[in-house]
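Worksheet for the structure shown next.
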Amino acid sequence: MANPNVVFDLNASKDAHNMPFFPTNYTINPSLPTQANSPQQVTPFASSFGQFISQAKNTSYNTGSFEDEPPLLEELGINFSHIKMKSMSVLNPLNKMDSHIMDDTDLAGPLFFCLLLGCFLLLSGKVHFGYIYGLGAVGCASMYGVLNLMSERDVDVYRVISVLGYCLLPMVLLAFISLLFPLNGIFGYICAGLTIAWCTHCASLMFVTVLSLVEQRLLVAYPTGLLYTCFALLTIF
């Protein structure tokens with residue numbers, strides 16, 4: 001309920017509008033920045049974020065199309081054309097070896113051939129994966145040391161692994177033959193001897209051609225032949 005003691009004066013609001021305003025000596029300095037004409041302050045974070053966005057736009061416009069990018073397998077170091085070329089050079093031992101055949105250190109082919117050799121031996125009832133990779137690691141380290149002592153050029157271990165791995169391809173064929181015919185006999189010994197000579201010839205020829213060790217080929221072929229003899233023993237027995 002309304003309080004009867006409170007009295008509202010309706011004429012008071014009319015008198016308030018008619019009140020005079022007195023002049024003042026205060027003036028506004030136009031040189032001082034106000035909220036309307038002051039420049040917008042930019043924080044360091046906002047400026048750096050703007051620069052990042054502009055650089056990202058320029059980068060996206062200058063990268064080109066996806067057609068100019070190399071294939072994914074080539075970026076991973078897997079080049080099927082190089083694998084085919086090196087495999088054909090091993091399968092044709094009478095062909096002249098190119099001196100630039102080992103310019104790229106391709107390890108996809110050697111790893112695949114080692115895995116394939118282990119799979120063929122597994123199908124014949126021999127689980128020799130550990131022996132294959134262990135013997136390969138010891139043989140590559142030994143050949144790396146021997147070649148660096150004999151050659152005036154620096155030889156990296158990846159090229160040694162690539163050469164020895166690709167030249168293991170005839171041994172993979174011998175393991176495949178072991179699935180069809182038993183090798184523990186005269187026939188198997190003859191096939192193993194020919195395979196060792198084949199692998200040794202290709203590996204020593206690659207090393208001699210790349211490192212220019214023509215007069216020292218027998219010294220290179222001897223430890224290489226011992227290495228492939230151990231692989232042949234794993235395949236036969």
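Residues in the structure tokens are numbered from 1 in each chain, the chains being A, B, ... in the order shown, and ligands are numbered from 1 in the order shown.
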* Asked: Which residues, written as an NGL selection string, have at least one atom at most 12 Å from Leu218 of chain A, with only C-alpha atoms counted and residues fewer than 5 positions away on the same chain left out?
  -> :A and (200-201 or 203-205 or 207-208 or 213 or 223-225)
* **Among the residues A:Leu135, A:Val163, A:Leu147, A:Leu117, the one that comes closest to Ser87 of chain A [using only C-alpha atoms]** =>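 Once distances to Ser87 of chain A are computed over only C-alpha atoms, the minimum belongs to A:Val163.
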* Asked: Using only C-alpha atoms, which residue out of A:Met206, A:Cys140, A:Leu179, A:Leu226 lies closest to Leu122 of chain A?
  ->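 When distances to Leu122 of chain A are compared using only C-alpha atoms, the smallest one comes from A:Leu179.
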* **Shell of 12 Å around Leu233 of chain A, only C-alpha atoms, local chain residues under 3 positions omitted, as a PyMOL selection string** => chain A and resi 121+128+131-132+135+171+174-175+183-184+188-189+191-193+195-196+226-230+236-237
* Asked: Between A:Ala197, A:Phe187, A:Val157, A:Pro170, which one has atoms that come closest to Tyr222 of chain A, using only C-alpha atoms?
  ->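 Of the candidates, the smallest distance to Tyr222 of chain A is held by A:Ala197.
Going from atom CA of Phe120 of chain A over to atom CA of Ile190 of chain A, you cover 19.6 Å.
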* **For atom CA of Val90 of chain A and atom CA of Cys202 of chain A, the interatomic separation in Å (one decimal)** => 6.0 Å
Can you list, as a JSON list (two decimals) with N, CA and C atoms, in the first residue's frame, every protein, DNA or RNA residue that comes within 9 Å of Leu211 of chain A when you count only C-alpha atoms, leaving out same-chain residues fewer than 6 positions away?
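Result file follows (selection_18.json):
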```
[["chain", "number", "residue", "atom", "x", "y", "z"],
["A", 99, "SER", "N", 79.80, -47.54, -62.90],
["A", 99, "SER", "CA", 80.55, -47.00, -61.76],
["A", 99, "SER", "C", 79.68, -46.16, -60.84],
["A", 147, "LEU", "N", 87.58, -52.65, -46.41],
["A", 147, "LEU", "CA", 87.57, -51.74, -47.56],
["A", 147, "LEU", "C", 88.13, -50.37, -47.20],
["A", 151, "SER", "N", 91.18, -49.02, -49.47],
["A", 151, "SER", "CA", 90.85, -47.97, -50.42],
["A", 151, "SER", "C", 91.30, -46.61, -49.91],
["A", 152, "GLU", "N", 91.66, -45.74, -50.86],
["A", 152, "GLU", "CA", 92.00, -44.37, -50.52],
["A", 152, "GLU", "C", 90.75, -43.51, -50.36],
["A", 153, "ARG", "N", 89.65, -43.94, -50.91],
["A", 153, "ARG", "CA", 88.39, -43.22, -50.77],
["A", 153, "ARG", "C", 87.69, -43.66, -49.49],
["A", 154, "ASP", "N", 86.89, -42.75, -48.97],
["A", 154, "ASP", "CA", 86.10, -43.07, -47.79],
["A", 154, "ASP", "C", 84.85, -43.85, -48.21],
["A", 155, "VAL", "N", 84.63, -44.95, -47.54],
["A", 155, "VAL", "CA", 83.48, -45.82, -47.82],
["A", 155, "VAL", "C", 82.56, -45.78, -46.61]]
```
* **Contact residues around Gly136 of chain A with only C-alpha atoms at 9 Å, ignoring same-chain residues under 5 positions, as a ChimeraX atom specification** => /A:114,131,141,161,164-165,227,231
* To do: Enter the distance from atom CA of Leu180 of chain A to atom CA of Asn92 of chain A, in Å, rounded to one decimal.
  => 23.3 Å
